[in-house]
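Below is the file my_file_8.pdb, which contains PDB, C-alpha atoms, pLDDT in the B column.
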MODEL        1
ATOM      1  CA  MET A   1       1.908 -46.457  11.892  1.00 30.00           C
ATOM      2  CA  GLN A   2       3.037 -43.955   9.306  1.00 33.00           C
ATOM      3  CA  ARG A   3       2.718 -44.704   5.626  1.00 40.00           C
ATOM      4  CA  GLY A   4       4.738 -44.024   2.519  1.00 40.00           C
ATOM      5  CA  GLY A   5       3.678 -42.067  -0.531  1.00 42.00           C
ATOM      6  CA  ALA A   6       1.288 -44.633  -2.003  1.00 49.00           C
ATOM      7  CA  ARG A   7      -1.587 -43.689   0.256  1.00 50.00           C
ATOM      8  CA  PRO A   8      -2.808 -40.197  -0.493  1.00 44.00           C
ATOM      9  CA  GLY A   9      -2.345 -37.824   2.424  1.00 39.00           C
ATOM     10  CA  ARG A  10       0.197 -40.003   4.219  1.00 41.00           C
ATOM     11  CA  GLU A  11       3.625 -38.889   5.370  1.00 37.00           C
ATOM     12  CA  ASN A  12       6.804 -40.784   4.625  1.00 36.00           C
ATOM     13  CA  SER A  13       8.279 -42.623   7.590  1.00 37.00           C
ATOM     14  CA  GLY A  14      11.853 -43.280   8.607  1.00 33.00           C
ATOM     15  CA  ALA A  15      13.902 -45.146   6.033  1.00 31.00           C
ATOM     16  CA  GLY A  16      15.077 -47.951   8.288  1.00 30.00           C
ATOM     17  CA  SER A  17      11.524 -48.947   9.167  1.00 30.00           C
ATOM     18  CA  ARG A  18      10.707 -50.073   5.611  1.00 36.00           C
ATOM     19  CA  ALA A  19      12.039 -53.587   6.034  1.00 44.00           C
ATOM     20  CA  ALA A  20      12.825 -53.817   9.710  1.00 48.00           C
ATOM     21  CA  GLY A  21      13.946 -57.221  10.738  1.00 54.00           C
ATOM     22  CA  PRO A  22      16.578 -59.261  12.571  1.00 57.00           C
ATOM     23  CA  HIS A  23      18.770 -59.666   9.466  1.00 60.00           C
ATOM     24  CA  GLY A  24      21.093 -56.788  10.455  1.00 61.00           C
ATOM     25  CA  CYS A  25      20.838 -55.041   7.091  1.00 65.00           C
ATOM     26  CA  ASP A  26      18.397 -52.261   7.973  1.00 64.00           C
ATOM     27  CA  ASP A  27      21.142 -49.662   7.620  1.00 70.00           C
ATOM     28  CA  LEU A  28      21.257 -50.427   3.879  1.00 67.00           C
ATOM     29  CA  LEU A  29      17.860 -48.712   3.537  1.00 68.00           C
ATOM     30  CA  ALA A  30      18.761 -45.668   5.627  1.00 72.00           C
ATOM     31  CA  ASP A  31      18.930 -43.346   2.618  1.00 80.00           C
ATOM     32  CA  CYS A  32      16.195 -45.006   0.546  1.00 85.00           C
ATOM     33  CA  ALA A  33      12.979 -43.674   2.079  1.00 85.00           C
ATOM     34  CA  GLY A  34      12.329 -41.311  -0.821  1.00 88.00           C
ATOM     35  CA  ALA A  35      12.895 -43.994  -3.449  1.00 90.00           C
ATOM     36  CA  ILE A  36      10.686 -46.453  -1.559  1.00 89.00           C
ATOM     37  CA  ALA A  37       7.899 -43.863  -1.311  1.00 91.00           C
ATOM     38  CA  GLU A  38       8.195 -43.164  -5.055  1.00 93.00           C
ATOM     39  CA  PHE A  39       8.033 -46.893  -5.727  1.00 93.00           C
ATOM     40  CA  GLY A  40       4.784 -47.004  -3.740  1.00 92.00           C
ATOM     41  CA  VAL A  41       3.282 -44.294  -5.943  1.00 94.00           C
ATOM     42  CA  VAL A  42       4.344 -46.237  -9.062  1.00 95.00           C
ATOM     43  CA  LEU A  43       2.818 -49.451  -7.667  1.00 96.00           C
ATOM     44  CA  TYR A  44      -0.415 -47.660  -6.756  1.00 94.00           C
ATOM     45  CA  ARG A  45      -0.755 -46.381 -10.351  1.00 95.00           C
ATOM     46  CA  HIS A  46       0.301 -49.734 -11.800  1.00 95.00           C
ATOM     47  CA  LEU A  47      -2.476 -51.512  -9.923  1.00 97.00           C
ATOM     48  CA  ARG A  48      -5.067 -49.220 -11.518  1.00 95.00           C
ATOM     49  CA  SER A  49      -4.079 -50.652 -14.917  1.00 95.00           C
ATOM     50  CA  ARG A  50      -5.207 -54.110 -13.694  1.00 94.00           C
ATOM     51  CA  PRO A  51      -1.963 -55.861 -14.624  1.00 95.00           C
ATOM     52  CA  ALA A  52      -1.600 -59.601 -15.103  1.00 96.00           C
ATOM     53  CA  ASP A  53       0.724 -59.590 -12.071  1.00 94.00           C
ATOM     54  CA  TYR A  54      -1.837 -57.818  -9.886  1.00 97.00           C
ATOM     55  CA  LEU A  55      -1.329 -59.944  -6.755  1.00 97.00           C
ATOM     56  CA  VAL A  56       2.469 -59.620  -6.929  1.00 96.00           C
ATOM     57  CA  ALA A  57       2.225 -55.832  -7.316  1.00 96.00           C
ATOM     58  CA  PHE A  58      -0.425 -55.587  -4.581  1.00 97.00           C
ATOM     59  CA  ARG A  59       1.765 -57.533  -2.161  1.00 96.00           C
ATOM     60  CA  ALA A  60       4.700 -55.265  -3.038  1.00 96.00           C
ATOM     61  CA  LEU A  61       2.517 -52.233  -2.279  1.00 97.00           C
ATOM     62  CA  LEU A  62       1.600 -53.768   1.073  1.00 96.00           C
ATOM     63  CA  ALA A  63       5.316 -54.112   1.867  1.00 93.00           C
ATOM     64  CA  VAL A  64       6.016 -50.516   0.831  1.00 94.00           C
ATOM     65  CA  GLU A  65       3.181 -49.460   3.134  1.00 93.00           C
ATOM     66  CA  GLU A  66       4.828 -51.384   5.980  1.00 90.00           C
ATOM     67  CA  GLU A  67       2.117 -54.043   6.049  1.00 92.00           C
ATOM     68  CA  TYR A  68       4.772 -56.770   6.059  1.00 89.00           C
ATOM     69  CA  HIS A  69       2.541 -59.348   7.695  1.00 89.00           C
ATOM     70  CA  TRP A  70      -0.147 -59.100   5.018  1.00 94.00           C
ATOM     71  CA  ALA A  71       2.429 -58.738   2.226  1.00 93.00           C
ATOM     72  CA  ASN A  72       3.800 -62.137   3.234  1.00 89.00           C
ATOM     73  CA  ALA A  73       0.547 -63.839   4.217  1.00 89.00           C
ATOM     74  CA  LEU A  74      -1.841 -62.756   1.473  1.00 92.00           C
ATOM     75  CA  GLU A  75      -2.397 -65.371  -1.176  1.00 92.00           C
ATOM     76  CA  GLY A  76      -4.942 -65.177  -3.985  1.00 92.00           C
ATOM     77  CA  PHE A  77      -7.998 -66.542  -2.137  1.00 95.00           C
ATOM     78  CA  LYS A  78      -8.251 -69.459  -4.566  1.00 92.00           C
ATOM     79  CA  ASP A  79      -7.788 -72.136  -1.927  1.00 89.00           C
ATOM     80  CA  ASP A  80      -6.455 -70.378   1.163  1.00 93.00           C
ATOM     81  CA  ILE A  81      -6.580 -72.487   4.308  1.00 92.00           C
ATOM     82  CA  ASN A  82      -5.223 -71.179   7.595  1.00 92.00           C
ATOM     83  CA  GLY A  83      -5.277 -72.411  11.146  1.00 93.00           C
ATOM     84  CA  VAL A  84      -6.121 -70.348  14.199  1.00 95.00           C
ATOM     85  CA  ASP A  85      -7.092 -71.196  17.754  1.00 96.00           C
ATOM     86  CA  CYS A  86     -10.488 -70.226  19.060  1.00 97.00           C
ATOM     87  CA  PRO A  87      -9.869 -67.388  21.520  1.00 97.00           C
ATOM     88  CA  ARG A  88     -12.508 -68.792  23.862  1.00 97.00           C
ATOM     89  CA  CYS A  89     -12.123 -72.580  23.952  1.00 97.00           C
ATOM     90  CA  GLY A  90      -8.673 -72.952  22.373  1.00 96.00           C
ATOM     91  CA  VAL A  91      -9.636 -75.566  19.793  1.00 96.00           C
ATOM     92  CA  GLY A  92      -7.754 -75.465  16.499  1.00 95.00           C
ATOM     93  CA  VAL A  93     -10.039 -73.931  13.872  1.00 97.00           C
ATOM     94  CA  THR A  94      -9.396 -74.200  10.149  1.00 96.00           C
ATOM     95  CA  ILE A  95     -10.331 -71.045   8.240  1.00 97.00           C
ATOM     96  CA  ALA A  96     -11.012 -71.608   4.551  1.00 97.00           C
ATOM     97  CA  ILE A  97     -11.424 -68.754   2.074  1.00 97.00           C
ATOM     98  CA  GLY A  98     -11.530 -69.692  -1.576  1.00 95.00           C
ATOM     99  CA  ASP A  99     -13.296 -71.179  -4.530  1.00 93.00           C
ATOM    100  CA  PHE A 100     -14.515 -74.106  -2.413  1.00 92.00           C
ATOM    101  CA  GLY A 101     -16.191 -71.858   0.159  1.00 96.00           C
ATOM    102  CA  CYS A 102     -15.604 -69.536   3.088  1.00 98.00           C
ATOM    103  CA  TYR A 103     -15.998 -71.284   6.408  1.00 98.00           C
ATOM    104  CA  SER A 104     -14.552 -72.197   9.783  1.00 98.00           C
ATOM    105  CA  GLN A 105     -14.085 -75.891  10.465  1.00 98.00           C
ATOM    106  CA  VAL A 106     -13.150 -78.228  13.297  1.00 97.00           C
ATOM    107  CA  TRP A 107     -12.743 -81.958  13.421  1.00 93.00           C
ATOM    108  CA  ASP A 108     -13.994 -83.553  16.626  1.00 88.00           C
ATOM    109  CA  GLY A 109     -13.781 -87.314  17.025  1.00 87.00           C
ATOM    110  CA  GLY A 110     -13.674 -87.843  13.250  1.00 91.00           C
ATOM    111  CA  LYS A 111     -16.680 -85.591  12.705  1.00 95.00           C
ATOM    112  CA  GLU A 112     -16.339 -82.390  10.722  1.00 96.00           C
ATOM    113  CA  THR A 113     -18.317 -79.320  11.745  1.00 97.00           C
ATOM    114  CA  ARG A 114     -18.400 -76.164   9.621  1.00 97.00           C
ATOM    115  CA  ARG A 115     -19.788 -72.674  10.016  1.00 98.00           C
ATOM    116  CA  GLY A 116     -19.954 -70.057   7.274  1.00 98.00           C
ATOM    117  CA  LEU A 117     -17.705 -67.028   7.671  1.00 98.00           C
ATOM    118  CA  ARG A 118     -19.351 -63.645   8.091  1.00 98.00           C
ATOM    119  CA  PRO A 119     -17.704 -61.211   5.674  1.00 98.00           C
ATOM    120  CA  ALA A 120     -17.269 -57.622   6.790  1.00 98.00           C
ATOM    121  CA  ALA A 121     -19.261 -55.126   4.758  1.00 96.00           C
ATOM    122  CA  GLY A 122     -16.869 -52.867   2.855  1.00 93.00           C
ATOM    123  CA  GLU A 123     -18.193 -49.723   4.520  1.00 94.00           C
ATOM    124  CA  LYS A 124     -17.694 -51.253   7.988  1.00 95.00           C
ATOM    125  CA  LEU A 125     -14.066 -52.203   7.456  1.00 97.00           C
ATOM    126  CA  THR A 126     -11.444 -50.086   9.176  1.00 96.00           C
ATOM    127  CA  GLY A 127      -7.689 -49.546   8.960  1.00 95.00           C
ATOM    128  CA  THR A 128      -5.651 -51.864   6.776  1.00 95.00           C
ATOM    129  CA  GLY A 129      -8.616 -54.066   5.879  1.00 97.00           C
ATOM    130  CA  ARG A 130     -10.564 -51.070   4.597  1.00 97.00           C
ATOM    131  CA  TRP A 131      -7.587 -49.767   2.601  1.00 97.00           C
ATOM    132  CA  MET A 132      -6.894 -53.190   1.041  1.00 97.00           C
ATOM    133  CA  HIS A 133     -10.568 -53.682   0.213  1.00 98.00           C
ATOM    134  CA  GLN A 134     -10.975 -50.217  -1.324  1.00 97.00           C
ATOM    135  CA  ILE A 135      -8.013 -50.708  -3.652  1.00 97.00           C
ATOM    136  CA  THR A 136      -9.136 -54.142  -4.826  1.00 97.00           C
ATOM    137  CA  VAL A 137     -12.714 -52.936  -5.389  1.00 97.00           C
ATOM    138  CA  ARG A 138     -11.432 -49.877  -7.258  1.00 97.00           C
ATOM    139  CA  ASP A 139      -9.371 -52.131  -9.491  1.00 97.00           C
ATOM    140  CA  GLY A 140     -12.148 -54.649 -10.182  1.00 97.00           C
ATOM    141  CA  GLN A 141     -10.369 -57.475  -8.337  1.00 97.00           C
ATOM    142  CA  GLU A 142     -13.533 -59.201  -7.108  1.00 96.00           C
ATOM    143  CA  VAL A 143     -11.851 -62.369  -5.828  1.00 96.00           C
ATOM    144  CA  LEU A 144      -9.369 -60.381  -3.738  1.00 97.00           C
ATOM    145  CA  ALA A 145     -12.019 -57.933  -2.516  1.00 97.00           C
ATOM    146  CA  ASN A 146     -14.313 -60.795  -1.481  1.00 97.00           C
ATOM    147  CA  GLY A 147     -11.444 -62.646   0.194  1.00 97.00           C
ATOM    148  CA  ILE A 148     -10.393 -59.531   2.109  1.00 97.00           C
ATOM    149  CA  ALA A 149     -13.986 -58.996   3.273  1.00 98.00           C
ATOM    150  CA  HIS A 150     -13.968 -62.550   4.655  1.00 97.00           C
ATOM    151  CA  LEU A 151     -10.444 -62.292   6.069  1.00 97.00           C
ATOM    152  CA  PHE A 152     -11.353 -59.144   7.997  1.00 97.00           C
ATOM    153  CA  GLY A 153     -14.797 -60.478   8.859  1.00 98.00           C
ATOM    154  CA  GLU A 154     -15.918 -62.869  11.575  1.00 98.00           C
ATOM    155  CA  ALA A 155     -15.833 -66.594  12.146  1.00 98.00           C
ATOM    156  CA  GLU A 156     -17.840 -68.710  14.541  1.00 98.00           C
ATOM    157  CA  CYS A 157     -16.058 -71.473  16.367  1.00 98.00           C
ATOM    158  CA  PRO A 158     -17.882 -74.674  15.358  1.00 97.00           C
ATOM    159  CA  ARG A 159     -17.238 -76.147  18.816  1.00 96.00           C
ATOM    160  CA  CYS A 160     -18.214 -73.389  21.289  1.00 97.00           C
ATOM    161  CA  ALA A 161     -20.039 -70.881  19.004  1.00 97.00           C
ATOM    162  CA  SER A 162     -17.708 -68.037  20.023  1.00 98.00           C
ATOM    163  CA  VAL A 163     -17.510 -65.354  17.328  1.00 98.00           C
ATOM    164  CA  PHE A 164     -14.123 -63.806  16.577  1.00 98.00           C
ATOM    165  CA  ASN A 165     -12.415 -61.613  13.994  1.00 97.00           C
ATOM    166  CA  VAL A 166     -10.516 -63.809  11.539  1.00 97.00           C
ATOM    167  CA  ALA A 167      -7.728 -61.293  10.758  1.00 96.00           C
ATOM    168  CA  ASP A 168      -7.112 -60.565  14.443  1.00 95.00           C
ATOM    169  CA  GLU A 169      -6.737 -64.240  15.337  1.00 95.00           C
ATOM    170  CA  TYR A 170      -4.665 -65.003  12.241  1.00 93.00           C
ATOM    171  CA  THR A 171      -2.365 -62.073  13.027  1.00 91.00           C
ATOM    172  CA  SER A 172      -2.086 -63.133  16.660  1.00 89.00           C
ATOM    173  CA  ALA A 173      -1.102 -66.650  15.657  1.00 87.00           C
ATOM    174  CA  ASN A 174       1.261 -65.783  12.801  1.00 81.00           C
ATOM    175  CA  ARG A 175       2.769 -62.335  13.134  1.00 70.00           C
ATOM    176  CA  PRO A 176       6.418 -62.536  14.131  1.00 65.00           C
ATOM    177  CA  VAL A 177       7.589 -60.527  17.112  1.00 66.00           C
ATOM    178  CA  MET A 178       9.799 -57.661  15.926  1.00 61.00           C
ATOM    179  CA  ARG A 179      12.474 -56.602  18.366  1.00 59.00           C
TER     180      ARG A 179
ENDMDL
END

Show me this structure written as structure tokens.
Amino acid sequence: MQRGGARPGRENSGAGSRAAGPHGCDDLLADCAGAIAEFGVVLYRHLRSRPADYLVAFRALLAVEEEYHWANALEGFKDDINGVDCPRCGVGVTIAIGDFGCYSQVWDGGKETRRGLRPAAGEKLTGTGRWMHQITVRDGQEVLANGIAHLFGEAECPRCASVFNVADEYTSANRPVMR
């Protein structure tokens, strides 16, 4: 995936790919690639100032960088609760990342079972998770950085003890198919 101007050393991609979707309006962005890339640079600088609207600006930067899934899905990690299916046994697993804890949870016969999430160490993150984490650490956004480490870390299924990557399973369950 090519990136816009907000990530140092990245090339600008085709204009129509900025907001690709089934809405039929992609041609409206055909001549806007340069402006969108410039907007990414402005957002990148704006985030360094630690604005009050940090999460809004960060999500906008994710969209400029063509990370539409995370731009739409990322909340503030205050009380984020998401559902995924265990890739091994198929049970519905609740993933909680927030002020109340970071854990995977299943209910079985009225009994709750939880397992703590295993956050990814910043230096072991790769790709989008690493980029998101580096920016939030740089900008002193500890809650976001911690949430991203958990989101791109591992969970253990409380039923079968299978270990899986939270972001991969969340993406698999929630990313729309683009045609």

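Nearest to Leu61 in chain A of all the residues A:Tyr170, A:Asn82, A:Arg48, A:Phe39 is A:Phe39, counting only C-alpha atoms.
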
**Item:** Output of the PyMOL selection byres ((chain A and resi 77) around 8), listed as a ChimeraX atom specification
**Value:** /A:75-76,78-80,97-99,143-144,147

Write a file of the selected residues as a PDB file, keeping the file's coordinate frame, keeping C-alpha atoms.
ATOM      1  CA  GLU A  75      -2.397 -65.371  -1.176  1.00 92.00           C
ATOM      2  CA  GLY A  76      -4.942 -65.177  -3.985  1.00 92.00           C
ATOM      3  CA  LYS A  78      -8.251 -69.459  -4.566  1.00 92.00           C
ATOM      4  CA  ASP A  79      -7.788 -72.136  -1.927  1.00 89.00           C
ATOM      5  CA  ASP A  80      -6.455 -70.378   1.163  1.00 93.00           C
ATOM      6  CA  ILE A  97     -11.424 -68.754   2.074  1.00 97.00           C
ATOM      7  CA  GLY A  98     -11.530 -69.692  -1.576  1.00 95.00           C
ATOM      8  CA  ASP A  99     -13.296 -71.179  -4.530  1.00 93.00           C
ATOM      9  CA  VAL A 143     -11.851 -62.369  -5.828  1.00 96.00           C
ATOM     10  CA  LEU A 144      -9.369 -60.381  -3.738  1.00 97.00           C
ATOM     11  CA  GLY A 147     -11.444 -62.646   0.194  1.00 97.00           C
TER      12      GLY A 147
END

**Item:** Residue with smallest distance to Ala167 in chain A - pool A:Val84, A:Ala121, A:Ala145, A:Val42, counting all atoms listed in the file
**Value:** A:Val84

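For the pair CA of Val64 in chain A and CA of Gly127 in chain A, the separation is 16.0 Å.
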
**Asked** Just how far from CA of Arg115 in chain A is CA of Tyr68 in chain A, in Å to one decimal?
**Response**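 Separation between CA of Tyr68 in chain A and CA of Arg115 in chain A: 29.5 Å.
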
**Request:** Would you mind telling me which residue in A:Val93, A:Glu38, A:Tyr54, A:Ala73 lies nearest to Thr171 in chain A when using only C-alpha atoms?
**Result:**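 Between A:Val93, A:Glu38, A:Tyr54, A:Ala73, the residue approaching Thr171 in chain A most closely is A:Ala73.
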